[in-house]
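The next block is upload-v6.cif, given as mmCIF, C-alpha atoms and all ligand atoms.
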data_coords
#
loop_
_atom_site.label_atom_id
_atom_site.label_comp_id
_atom_site.auth_asym_id
_atom_site.auth_seq_id
_atom_site.Cartn_x
_atom_site.Cartn_y
_atom_site.Cartn_z
CA MET A 13 107.33 119.56 106.88
CA ARG A 14 110.91 118.70 105.84
CA THR A 15 112.43 120.82 103.10
CA SER A 16 113.03 118.60 100.07
CA SER A 17 116.36 118.66 98.26
CA LEU A 18 114.59 120.33 95.33
CA GLU A 19 113.34 123.16 97.54
CA LYS A 20 116.84 123.53 99.02
CA ALA A 21 118.27 123.87 95.51
CA LEU A 22 115.61 126.44 94.58
CA GLN A 23 116.29 128.33 97.78
CA GLY A 24 120.02 128.27 97.00
CA SER A 25 119.44 129.86 93.60
CA LEU A 26 117.27 132.56 95.14
CA ALA A 27 119.89 133.23 97.83
CA ARG A 28 122.59 133.65 95.17
CA ARG A 29 120.40 136.15 93.36
CA GLN A 30 119.84 137.98 96.62
CA GLU A 31 123.63 138.14 97.19
CA ARG A 32 124.12 139.59 93.71
CA SER A 33 121.28 142.07 94.37
CA SER A 34 119.42 140.63 91.39
CA LEU A 35 116.54 138.93 93.17
CA ARG A 36 113.27 139.72 91.43
CA LYS A 37 110.30 140.61 93.62
CA LEU A 38 106.66 141.47 93.05
CA THR A 39 105.90 144.96 94.25
CA ILE A 40 102.83 147.18 94.37
CA ALA A 41 103.22 150.93 94.04
CA PRO A 42 101.44 152.98 96.71
CA ARG A 43 98.04 154.11 95.39
CA GLN A 44 98.70 157.82 95.52
CA SER A 45 102.11 157.68 93.85
CA VAL A 46 102.67 159.32 90.48
CA ASP A 47 103.35 156.94 87.62
CA PHE A 48 106.68 157.63 85.91
CA SER A 49 107.27 153.98 85.20
CA SER A 50 104.53 151.95 83.56
CA ASN A 51 104.00 151.28 79.86
CA ASP A 52 100.58 152.93 80.09
CA PHE A 53 102.04 155.74 77.93
CA LEU A 54 98.69 157.35 77.13
CA SER A 55 97.24 156.80 80.64
CA LEU A 56 94.27 155.05 79.04
CA SER A 57 94.06 152.41 81.76
CA THR A 58 92.69 155.02 84.17
CA SER A 59 90.48 156.87 81.68
CA SER A 60 86.95 157.02 83.10
CA GLU A 61 85.60 157.76 79.60
CA LEU A 62 87.09 154.52 78.27
CA LYS A 63 86.03 152.50 81.31
CA SER A 64 82.40 153.58 80.73
CA GLU A 65 82.66 152.85 77.04
CA TYR A 66 84.09 149.42 77.82
CA LEU A 67 81.13 148.59 80.09
CA ARG A 68 78.65 149.76 77.43
CA ASN A 69 80.42 147.65 74.78
CA LEU A 70 80.37 144.63 77.07
CA ALA A 71 76.63 145.00 77.59
CA GLN A 72 75.99 145.39 73.86
CA CYS A 73 78.16 142.52 72.62
CA GLU A 74 75.70 140.00 71.18
CA GLU A 75 78.08 137.06 71.21
CA PHE A 76 79.09 137.80 74.79
CA ARG A 77 80.03 134.91 77.04
CA LEU A 78 82.62 135.10 79.78
CA GLY A 79 85.27 132.71 78.58
CA SER A 80 86.11 132.08 74.94
CA GLY A 81 85.45 128.39 75.47
CA GLY A 82 88.66 126.89 74.17
CA SER A 83 91.46 127.09 71.67
CA ARG A 84 90.71 129.34 68.75
CA LEU A 85 90.94 126.26 66.54
CA LEU A 86 88.18 124.53 68.49
CA ASP A 87 85.45 126.55 70.22
CA GLY A 88 87.31 129.76 71.05
CA ASN A 89 86.80 131.59 67.75
CA SER A 90 84.11 134.23 67.21
CA ILE A 91 82.83 136.66 64.60
CA TYR A 92 83.84 139.38 67.05
CA ALA A 93 87.50 138.29 66.98
CA GLU A 94 87.57 137.93 63.21
CA GLU A 95 86.06 141.38 62.68
CA LEU A 96 88.50 142.88 65.14
CA GLU A 97 91.40 141.35 63.24
CA ARG A 98 90.12 142.63 59.91
CA ASP A 99 89.56 146.15 61.28
CA LEU A 100 93.03 146.28 62.83
CA ALA A 101 94.73 144.96 59.69
CA ALA A 102 92.93 147.58 57.57
CA PHE A 103 93.82 150.37 60.01
CA HIS A 104 97.51 149.42 59.94
CA HIS A 105 97.50 148.96 56.12
CA ALA A 106 98.24 145.24 56.27
CA PRO A 107 96.74 142.40 54.21
CA SER A 108 95.69 140.48 57.31
CA GLY A 109 96.30 139.94 60.99
CA LEU A 110 96.16 137.24 63.62
CA LEU A 111 95.39 137.84 67.28
CA PHE A 112 97.45 136.21 70.03
CA ASN A 113 96.85 136.06 73.77
CA SER A 114 99.97 138.16 74.36
CA GLY A 115 102.89 139.73 72.55
CA PHE A 116 105.11 137.12 74.15
CA ASP A 117 103.03 134.33 72.59
CA ALA A 118 102.99 136.12 69.25
CA ASN A 119 106.76 136.54 69.03
CA SER A 120 107.61 133.12 70.39
CA GLY A 121 105.00 131.51 68.14
CA PHE A 122 106.15 133.38 65.04
CA PHE A 123 109.88 132.82 65.44
CA SER A 124 109.49 129.21 66.47
CA CYS A 125 107.66 128.23 63.29
CA VAL A 126 108.04 130.69 60.41
CA PRO A 127 111.82 130.43 59.79
CA LEU A 128 112.18 127.17 57.88
CA PRO A 129 114.89 124.55 58.44
CA GLY A 130 118.27 126.08 57.58
CA ASP A 131 117.01 129.68 57.42
CA VAL A 132 118.95 132.43 59.18
CA VAL A 133 117.61 134.89 61.75
CA PHE A 134 119.47 138.14 62.42
CA HIS A 135 118.34 140.05 65.47
CA ASP A 136 119.25 143.26 67.19
CA GLU A 137 121.28 142.42 70.30
CA PHE A 138 118.59 144.09 72.46
CA ILE A 139 115.65 142.22 70.96
CA HIS A 140 112.94 141.21 73.41
CA ALA A 141 113.09 137.92 75.34
CA SER A 142 110.01 136.62 73.52
CA VAL A 143 111.89 136.65 70.20
CA HIS A 144 114.75 134.74 71.88
CA GLU A 145 112.19 132.23 73.12
CA GLY A 146 110.93 131.69 69.58
CA MET A 147 114.45 131.43 68.13
CA ARG A 148 115.39 128.86 70.77
CA LEU A 149 112.60 126.61 69.51
CA SER A 150 112.96 127.41 65.83
CA ARG A 151 114.28 125.23 63.03
CA ALA A 152 116.51 128.04 61.72
CA GLY A 153 120.05 127.00 60.87
CA CYS A 154 121.48 129.86 62.91
CA CYS A 155 120.47 132.97 64.79
CA ILE A 156 122.95 135.85 64.72
CA SER A 157 122.85 139.02 66.77
CA PHE A 158 124.01 142.36 65.39
CA LYS A 159 125.04 145.39 67.41
CA HIS A 160 122.18 147.45 68.73
CA ASN A 161 120.74 149.68 66.01
CA SER A 162 123.92 149.29 63.94
CA VAL A 163 123.12 149.11 60.23
CA GLU A 164 126.89 148.81 59.59
CA ASP A 165 127.15 145.68 61.73
CA LEU A 166 124.06 144.16 60.14
CA GLN A 167 125.52 144.84 56.69
CA HIS A 168 128.91 143.46 57.71
CA GLN A 169 127.39 140.23 59.04
CA LEU A 170 125.10 139.83 56.04
CA LEU A 171 128.11 140.15 53.71
CA ILE A 172 129.98 137.45 55.65
CA LEU A 173 126.97 135.16 55.38
CA LEU A 174 126.52 135.84 51.68
CA LYS A 175 130.12 134.76 51.06
CA LYS A 176 129.60 131.54 53.00
CA ASP A 177 126.17 130.48 51.80
CA ALA A 178 125.41 130.34 48.08
CA LEU A 179 121.77 129.52 48.75
CA ILE A 180 121.31 132.87 50.40
CA GLU A 181 122.97 134.68 47.53
CA LYS A 182 120.75 132.87 45.03
CA GLY A 183 117.68 133.79 47.09
CA GLU A 184 116.97 130.15 47.95
CA ARG A 185 117.40 130.46 51.69
CA ASN A 186 115.44 132.90 53.83
CA VAL A 187 117.00 135.52 56.06
CA PHE A 188 114.88 137.10 58.80
CA ILE A 189 115.82 140.38 60.45
CA ALA A 190 114.14 140.89 63.83
CA ILE A 191 114.03 144.42 65.22
CA GLU A 192 111.90 146.56 67.51
CA SER A 193 110.75 149.95 66.25
CA LEU A 194 111.30 151.51 69.70
CA TYR A 195 113.56 149.94 72.32
CA SER A 196 112.29 150.28 75.84
CA MET A 197 115.52 150.49 77.83
CA ASP A 198 117.07 153.47 76.03
CA GLY A 199 113.90 154.73 74.38
CA ASP A 200 115.68 154.87 71.02
CA LEU A 201 114.20 154.21 67.59
CA ALA A 202 115.46 151.63 65.10
CA PRO A 203 116.88 152.93 61.80
CA ILE A 204 114.15 151.03 59.93
CA ARG A 205 114.53 152.90 56.65
CA ASP A 206 118.28 152.13 56.50
CA ILE A 207 117.71 148.50 57.45
CA VAL A 208 115.15 148.16 54.65
CA GLU A 209 117.68 149.68 52.23
CA VAL A 210 120.53 147.34 53.23
CA VAL A 211 118.36 144.24 53.19
CA GLY A 212 116.87 145.13 49.81
CA ARG A 213 120.31 145.84 48.32
CA LEU A 214 122.15 142.78 49.67
CA LEU A 215 119.28 140.35 49.20
CA PRO A 216 117.81 141.47 45.87
CA HIS A 217 115.95 138.19 45.29
CA GLY A 218 113.46 139.07 48.03
CA ASN A 219 114.63 136.47 50.55
CA GLY A 220 115.28 139.07 53.27
CA HIS A 221 112.26 139.32 55.60
CA ILE A 222 112.15 142.12 58.14
CA VAL A 223 109.99 141.61 61.22
CA VAL A 224 109.25 144.68 63.33
CA ASP A 225 108.03 144.53 66.91
CA GLU A 226 105.99 147.69 67.52
CA ALA A 227 105.05 146.82 71.11
CA HIS A 228 106.26 150.15 72.47
CA SER A 229 105.23 152.34 69.54
CA THR A 230 101.65 151.13 69.17
CA GLY A 231 99.17 153.93 69.79
CA VAL A 232 101.80 156.62 70.32
CA TYR A 233 103.64 156.93 66.96
CA GLY A 234 102.45 157.32 63.41
CA PRO A 235 99.18 158.67 62.07
CA GLN A 236 96.52 158.11 64.80
CA GLY A 237 98.88 155.72 66.58
CA ARG A 238 99.40 153.30 63.68
CA GLY A 239 103.05 152.81 64.63
CA ILE A 240 106.43 153.71 63.18
CA VAL A 241 106.34 151.48 60.10
CA CYS A 242 103.17 153.27 58.96
CA SER A 243 104.65 156.65 59.80
CA LEU A 244 107.56 155.84 57.45
CA GLY A 245 105.26 154.46 54.75
CA LEU A 246 107.19 151.16 54.77
CA GLU A 247 104.24 148.79 55.24
CA ASP A 248 105.01 146.96 51.97
CA LYS A 249 108.68 146.42 52.86
CA ILE A 250 108.07 144.69 56.18
CA PHE A 251 107.30 140.98 56.25
CA ALA A 252 105.45 141.03 59.59
CA ARG A 253 104.67 143.53 62.32
CA LEU A 254 103.70 142.94 65.92
CA HIS A 255 101.38 145.34 67.72
CA THR A 256 100.56 144.71 71.36
CA PHE A 257 97.57 145.99 73.32
CA GLY A 258 99.00 145.76 76.82
CA LYS A 259 101.04 148.95 76.79
CA ALA A 260 99.68 152.25 75.41
CA LEU A 261 96.39 150.56 74.55
CA ALA A 262 95.68 149.58 78.14
CA SER A 263 94.32 146.11 77.49
CA GLN A 264 95.97 142.80 76.69
CA GLY A 265 96.95 140.58 73.77
CA ALA A 266 98.61 141.26 70.44
CA ILE A 267 98.21 141.04 66.70
CA ILE A 268 100.68 139.93 64.04
CA LEU A 269 100.13 141.80 60.80
CA CYS A 270 101.25 139.79 57.79
CA SER A 271 100.19 138.25 54.48
CA GLU A 272 97.19 135.93 54.35
CA VAL A 273 99.49 132.96 53.64
CA THR A 274 101.60 133.71 56.70
CA ARG A 275 98.41 134.05 58.77
CA GLN A 276 97.23 130.63 57.62
CA PHE A 277 100.66 129.17 58.36
CA LEU A 278 100.61 130.62 61.89
CA ILE A 279 97.11 129.19 62.46
CA ASN A 280 98.52 125.79 61.52
CA TYR A 281 101.92 125.86 63.21
CA ALA A 282 102.19 128.52 65.93
CA ARG A 283 101.88 126.41 69.05
CA PRO A 284 101.27 129.30 71.53
CA MET A 285 98.18 130.09 69.46
CA ILE A 286 96.99 126.53 68.88
CA TYR A 287 97.44 124.95 72.29
CA THR A 288 95.92 127.62 74.49
CA THR A 289 92.50 128.93 75.40
CA PHE A 290 91.82 131.97 73.22
CA ILE A 291 91.42 135.52 74.62
CA SER A 292 88.25 135.80 76.75
CA PHE A 293 85.37 138.04 75.66
CA PRO A 294 85.92 140.69 78.34
CA ALA A 295 89.52 141.00 77.10
CA LEU A 296 88.45 141.10 73.43
CA VAL A 297 85.95 143.84 74.25
CA ALA A 298 88.71 145.76 76.05
CA ILE A 299 90.92 145.49 72.95
CA LYS A 300 88.05 146.59 70.73
CA THR A 301 87.24 149.54 73.02
CA THR A 302 90.75 150.97 73.17
CA THR A 303 91.67 150.25 69.55
CA SER A 304 88.41 151.87 68.37
CA PHE A 305 89.33 154.90 70.47
CA MET A 306 92.70 154.96 68.69
CA MET A 307 91.15 154.45 65.24
CA ARG A 308 88.80 157.40 65.66
CA GLY A 309 91.73 159.64 66.59
CA GLY A 310 91.16 159.68 70.36
CA THR A 311 94.84 159.22 71.14
CA VAL A 312 96.05 162.19 69.08
CA ALA A 313 95.54 164.91 71.71
CA LEU A 314 97.02 162.64 74.38
CA SER A 315 100.11 161.97 72.25
CA ASN A 316 100.54 165.70 71.60
CA HIS A 317 100.50 166.40 75.33
CA LEU A 318 102.96 163.55 75.85
CA TRP A 319 105.42 164.99 73.31
CA ALA A 320 105.15 168.42 74.90
CA LEU A 321 105.98 166.82 78.27
CA VAL A 322 108.98 165.01 76.77
CA GLU A 323 110.44 168.35 75.63
CA HIS A 324 109.63 170.02 78.94
CA LEU A 325 111.30 167.31 81.03
CA TYR A 326 114.35 167.32 78.79
CA ASP A 327 114.71 171.12 79.04
CA GLN A 328 114.46 170.92 82.82
CA LEU A 329 116.95 168.05 83.00
CA LYS A 330 119.43 170.06 80.92
CA ILE A 331 119.13 172.99 83.32
CA LEU A 332 119.71 170.67 86.29
CA ASP A 333 122.65 169.06 84.51
CA THR A 334 124.25 172.45 83.82
CA THR A 335 123.71 173.57 87.42
CA MET A 336 125.40 170.49 88.76
CA ALA A 337 128.19 170.37 86.17
CA ALA A 338 130.50 172.47 88.34
CA HIS A 339 130.67 169.64 90.85
CA ALA A 340 132.80 166.87 89.46
CA TYR A 341 131.28 164.24 91.72
CA SER A 342 127.81 164.91 90.37
CA ARG A 343 128.84 163.75 86.87
CA GLY A 344 128.69 160.11 87.89
CA LEU A 345 125.41 160.68 89.68
CA LEU A 346 123.55 162.09 86.70
CA ARG A 347 124.20 161.69 82.99
CA ILE A 348 121.26 162.77 80.90
CA PRO A 349 120.66 161.85 77.25
CA ARG A 350 122.72 164.04 74.89
CA GLU A 351 119.68 164.83 72.79
CA CYS A 352 116.01 165.06 73.59
CA PRO A 353 114.66 161.48 73.52
CA GLN A 354 112.43 160.60 70.59
CA SER A 355 110.23 158.67 72.98
CA PRO A 356 108.58 159.10 76.38
CA ILE A 357 111.35 156.97 77.90
CA PHE A 358 114.23 158.80 79.62
CA SER A 359 117.29 156.88 80.70
CA VAL A 360 119.06 158.87 83.38
CA LEU A 361 122.43 157.16 83.76
CA THR A 362 123.77 157.16 87.29
CA ASN A 363 126.26 155.16 89.30
CA GLU A 364 123.76 155.14 92.19
CA PRO A 365 120.59 153.86 90.48
CA ARG A 366 119.02 152.30 93.56
CA ALA A 367 119.64 155.31 95.79
CA LEU A 368 118.21 157.70 93.20
CA ALA A 369 115.19 155.49 92.54
CA ASN A 370 114.58 155.18 96.30
CA ALA A 371 114.73 158.93 96.76
CA CYS A 372 112.15 159.42 93.99
CA GLN A 373 109.94 156.60 95.29
CA ASN A 374 110.03 158.00 98.83
CA ALA A 375 108.85 161.30 97.42
CA GLY A 376 105.87 159.53 95.78
CA PHE A 377 107.13 159.00 92.22
CA VAL A 378 107.24 155.54 90.69
CA VAL A 379 110.50 155.20 88.75
CA ARG A 380 112.66 152.11 88.35
CA ALA A 381 116.34 151.45 88.90
CA ILE A 382 117.69 149.37 86.02
CA VAL A 383 120.87 147.49 86.84
CA PRO A 384 122.99 144.68 85.31
CA PRO A 385 122.27 142.12 83.94
CA THR A 386 119.26 143.92 82.44
CA VAL A 387 121.73 146.55 81.16
CA PRO A 388 125.52 146.23 80.73
CA HIS A 389 127.86 147.39 83.52
CA GLY A 390 128.27 151.15 83.18
CA GLY A 391 124.71 151.41 81.86
CA GLU A 392 123.10 151.54 85.32
CA ARG A 393 120.23 153.95 85.21
CA VAL A 394 116.96 155.22 86.48
CA ARG A 395 114.29 154.85 83.87
CA ILE A 396 111.71 157.59 83.79
CA CYS A 397 108.71 157.02 81.59
CA LEU A 398 106.34 159.88 80.86
CA HIS A 399 102.61 159.48 80.37
CA ALA A 400 99.84 161.55 78.87
CA GLY A 401 98.31 161.63 82.36
CA ASN A 402 101.38 163.31 83.87
CA THR A 403 101.34 167.07 84.32
CA LYS A 404 104.17 169.57 83.93
CA GLU A 405 103.90 170.22 87.67
CA GLU A 406 104.48 166.52 88.43
CA SER A 407 107.43 166.50 86.07
CA ASP A 408 108.85 169.60 87.82
CA MET A 409 108.38 168.01 91.25
CA LEU A 410 110.19 164.90 90.10
CA LEU A 411 113.04 167.08 88.87
CA ALA A 412 113.15 168.95 92.17
CA THR A 413 113.43 165.60 93.99
CA ILE A 414 116.32 164.55 91.76
CA GLY A 415 118.01 167.94 92.33
CA LEU A 416 117.64 167.63 96.08
CA TRP A 417 119.04 164.12 96.06
CA LEU A 418 122.03 165.26 93.98
CA SER A 419 122.75 168.05 96.47
CA GLN A 420 122.51 165.69 99.41
CA MET A 421 124.76 163.13 97.74
CA ALA A 422 127.34 165.76 96.81
CA THR A 423 127.26 167.14 100.36
CA SER A 424 127.72 163.74 101.99
CA HIS A 425 130.44 162.82 99.50
CA SER A 426 132.26 166.05 100.23
CA GLY A 427 132.03 165.36 103.98
CA ASN A 428 133.35 161.82 103.55
CA ALA A 429 136.20 162.95 101.35
CA GLU A 430 137.25 165.56 103.89
CA ASP A 431 137.00 163.04 106.74
CA SER A 432 139.36 160.74 104.91
CA GLY A 433 141.85 163.49 104.21
CA HIS A 434 140.84 164.16 100.56
CA ARG A 435 139.49 167.43 99.19
CA GLY A 436 135.89 166.86 98.21
CA VAL A 437 133.89 168.97 95.80
CA GLY A 438 132.82 172.25 97.31
CA THR A 439 129.30 172.15 98.64
CA SER A 440 128.78 175.81 99.41
CA LYS A 441 127.01 176.47 96.12
CA LEU A 442 124.74 173.42 96.37
C1 LIG B 501 109.37 144.65 72.69
C2 LIG B 501 108.35 143.76 73.31
N1 LIG B 501 107.85 142.75 72.59
C3 LIG B 501 106.94 141.92 73.11
C4 LIG B 501 106.49 142.06 74.40
C5 LIG B 501 105.50 141.12 74.95
O1 LIG B 501 104.21 141.68 74.88
P1 LIG B 501 103.11 141.27 75.94
O2 LIG B 501 103.34 142.08 77.15
O3 LIG B 501 101.82 141.55 75.24
O4 LIG B 501 103.29 139.81 76.20
C6 LIG B 501 106.98 143.12 75.17
C7 LIG B 501 106.51 143.39 76.53
O5 LIG B 501 106.56 142.99 77.51
C8 LIG B 501 107.95 143.99 74.62
O6 LIG B 501 108.47 144.97 75.35
#

Kindly return the structure encoded in the file as structure tokens.
Ligand SMILES: Cc1ncc(COP(=O)(O)O)c(C=O)c1O
Amino acid sequence: MRTSSLEKALQGSLARRQERSSLRKLTIAPRQSVDFSSNDFLSLSTSSELKSEYLRNLAQCEEFRLGSGGSRLLDGNSIYAEELERDLAAFHHAPSGLLFNSGFDANSGFFSCVPLPGDVVFHDEFIHASVHEGMRLSRAGCCISFKHNSVEDLQHQLLILLKKDALIEKGERNVFIAIESLYSMDGDLAPIRDIVEVVGRLLPHGNGHIVVDEAHSTGVYGPQGRGIVCSLGLEDKIFARLHTFGKALASQGAIILCSEVTRQFLINYARPMIYTTFISFPALVAIKTTTSFMMRGGTVALSNHLWALVEHLYDQLKILDTTMAAHAYSRGLLRIPRECPQSPIFSVLTNEPRALANACQNAGFVVRAIVPPTVPHGGERVRICLHAGNTKEESDMLLATIGLWLSQMATSHSGNAEDSGHRGVGTSKL
């Protein structure tokens, strides 16, 4: 068959990505490898206890049918889904909640319809692509990014806007502030309390609406996994919260927690919820199984182990960092976070992300190299994500692999430097 001009153009784009080393590919980790990468923070997706519970719940579900049967607005709705929503809203201390097929649908649906014509959306510069998708389709007058986690920049930009737009000052135009509670690239937390303070102070008429995406904090932070907003006691100050079930809760789908009016508005206007077949029963039962486990406190022991592992890995990384510090070359190969991460996500900055990730993968550890454009130049890294299912021994073996790789790199660098007439770093101590 002849290649059409369309296929040639598509092929050209792929080839350009390949040249820039940014071609995306589907991969499957070897079965026996140790997971230091996925979002399955609590390792619930492999829990045999939960798998059995899921099968029992499936068998007992009276309304059970395989597919949901249609859009939630037509035949897809069920008592099961409505009860699940009510239970989740109550657990997270919210007036109500609305399920979506995914967090992506929830964010894109929310931001495409809730900001009204002329409204303004501020967003952290690292906000998730799904929020960008919603903003692209929204009727907002403008969408403005502020520097990552910078309350000063948010305040600065809000003040500029207040000077320009009297409607905002009078409280007659809405301002949305979109943030994530935990950002997945650096594993850092948003200064939610300070953002609430600034928004409340600069927009005293109540037209500032903060929307918090808790995709990465669901199940792991806050009392029994309720998330960071609940842990700060700020439920009443946040306009809407997103919790997803595909990460720590090992299932799929998402819920937006909000007022009953906002829920009704979303049911009427959020297109990714209206024009799609609703979550199937097996997926609803999976959500119910893992969220019930969370609600009865099942995740607490797992989270405690996870936090102990975070400290352990950080202590070991610091020792490795100190050992290697004598060798100037190693600085660019390994830059660890200055403080112990407040999340299970470790960003090990390195100017050789692919080589380091390959070394770890060859030793049986799944870690990911993160390179531009996903992160800015200079922010190249290997992302290590800890899980409740990881052991200290696995963490130590990963560290040993990184240490070995550093030694080998320093040795080969030293050899190269000497070959080319330069003095390399000494390798005798490595
Ligand atoms: C911050 C954030 N929000 C939303 C999403 C989308 O959630 P989901 O995977 O359920 O579509 C993701 C994940 O991919 C995410 O990381």

Selected residue, from A:Ala152, A:Leu201, A:Met336, A:Ile189, that lies nearest to Phe251 in chain A when counting all atoms listed in the file: A:Ile189

Cut-off 9 Å, only C-alpha atoms and all ligand atoms, neighbours of ligand LIG 501 (chain B) as a count of residues only: 33

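Put simply, CA of Arg283 in chain A is 29.0 Å away from CA of Met197 in chain A.
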
Option closest in space to Arg185 in chain A, from A:Glu65, A:Asp333, A:Glu31, A:Asp131 [counting only C-alpha atoms]: A:Asp131

Residues near range 362-376 of chain A, cut-off 8 Å, all atoms listed in the file, skip fewer than 6 positions along chain, as a PDB file with C-alpha atoms, keeping the file's coordinate frame:
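Wrote it out as result_3.pdb, contents follow:
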ATOM      1  CA  PRO A  42     101.440 152.980  96.710  1.00  0.00           C
ATOM      2  CA  GLN A  44      98.700 157.820  95.520  1.00  0.00           C
ATOM      3  CA  SER A  45     102.110 157.680  93.850  1.00  0.00           C
ATOM      4  CA  VAL A  46     102.670 159.320  90.480  1.00  0.00           C
ATOM      5  CA  GLY A 344     128.690 160.110  87.890  1.00  0.00           C
ATOM      6  CA  LEU A 345     125.410 160.680  89.680  1.00  0.00           C
ATOM      7  CA  LEU A 346     123.550 162.090  86.700  1.00  0.00           C
ATOM      8  CA  ARG A 347     124.200 161.690  82.990  1.00  0.00           C
ATOM      9  CA  ILE A 382     117.690 149.370  86.020  1.00  0.00           C
ATOM     10  CA  VAL A 383     120.870 147.490  86.840  1.00  0.00           C
ATOM     11  CA  GLY A 390     128.270 151.150  83.180  1.00  0.00           C
ATOM     12  CA  GLY A 391     124.710 151.410  81.860  1.00  0.00           C
ATOM     13  CA  GLU A 392     123.100 151.540  85.320  1.00  0.00           C
ATOM     14  CA  ARG A 393     120.230 153.950  85.210  1.00  0.00           C
ATOM     15  CA  VAL A 394     116.960 155.220  86.480  1.00  0.00           C
ATOM     16  CA  LEU A 410     110.190 164.900  90.100  1.00  0.00           C
ATOM     17  CA  THR A 413     113.430 165.600  93.990  1.00  0.00           C
ATOM     18  CA  ILE A 414     116.320 164.550  91.760  1.00  0.00           C
ATOM     19  CA  TRP A 417     119.040 164.120  96.060  1.00  0.00           C
TER      20      TRP A 417
END

Nearest candidate to Leu128 in chain A (options A:Leu111, A:Val187, A:Leu171, A:Ala101; using all atoms listed in the file): A:Val187

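Between Lys63 in chain A and the residues A:Pro385, A:Ser359, A:Thr334, A:Phe305, the shortest atom-to-atom distance, using all atoms listed in the file, involves A:Phe305.
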
Who sits within 10 Å of Val273 in chain A, all atoms listed in the file, same chain under 6 positions skipped, as a PyMOL selection string: chain A and resi 107-108+279

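Relative to CA of Ala337 in chain A, CA of Val379 in chain A is found at 23.4 Å.
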
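Nearest residue to Leu215 in chain A among A:Asn161, A:Thr386, A:Thr335, A:Asn186 is A:Asn186, counting only C-alpha atoms.
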
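We find CA of Arg350 in chain A and CA of Ser49 in chain A to be spaced 21.1 Å apart.
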